[in-house]
Amino acid sequence: MLPASTLPRMVLRAVYALTESGSPASLRTILAIVPAPAPKVVATVRALDAEGYLDANRMRLTMRGLAAACAPRMVAADRRKAPRDRHWAGAISEPAKPGLRKAAIVA
């Protein structure tokens with residue numbers, strides 16, 4: 001799983017942007033794009049390679065890395081706004097008032 005820091009996301013999105021633009025992605029270009037200290041970016045590239053998000057030898061995203069680079073922030077961070085049982089569909093199916101039933105409304 002990706003760390004909570006934004007640096008891994010920035011590295012993945014930089015590699016994705018370079019790939020989409022047709023520019024060759026290398027560690028030098030990643031260091032030029034990502035606004036972070038070089039040692040931290042290099043450590044992040046190594047960590048992403050170890051986690052399977054990035055192929056550091058070819059500087060290409062894996063399918064897992066592509067999904068993480070393209071995913072919205074909330075999905076990629078595995079956070080939810082509401083617990084599963086209070087999901088919007090569950091909230092609709094619950095009656096607004098405990099004593100009120102559909103039969104009482106129709107009759």
# chains A, B, ... in the order shown; residues from 1 in each chain; ligands from 1

call {"tool": "residues_around", "arguments": {"residues": "stretch 56-60 of chain A", "least_positions_apart": "2", "cutoff": "9 Å", "atoms": "only C-alpha atoms", "output": "compact mmCIF listing (two decimals) with C-alpha atoms, in the first residue's frame"}}
result
# COMPACT_ATOMS: atom_id res chain seq x y z
CA VAL A 15 6.03 9.35 -14.68
CA TYR A 16 2.48 9.11 -16.04
CA THR A 19 4.70 8.74 -20.61
CA PRO A 24 11.37 9.71 -22.19
CA ALA A 25 11.01 9.25 -18.44
CA SER A 26 14.26 9.04 -16.54
CA LEU A 27 15.34 9.68 -12.98
CA VAL A 45 11.35 5.72 -6.55
CA ARG A 46 13.10 2.78 -4.87
CA LEU A 48 7.64 2.38 -5.38
CA ASP A 49 9.75 -0.15 -7.27
CA TYR A 53 4.06 0.42 -8.54
CA LEU A 54 6.99 1.34 -10.76
CA THR A 62 3.14 -1.06 -13.67
CA GLY A 65 1.10 2.15 -10.52

call {"tool": "atom_distance", "arguments": {"atom1": "atom CA of A:Pro35", "atom2": "atom CA of A:Leu18"}}
result
15.4 Å

call {"tool": "atom_distance", "arguments": {"atom1": "atom CA of A:Thr29", "atom2": "atom CA of A:Gly52"}}
result
20.7 Å

call {"tool": "atom_distance", "arguments": {"atom1": "atom CA of A:Asp55", "atom2": "atom CA of A:Val42"}}
result
13.2 Å
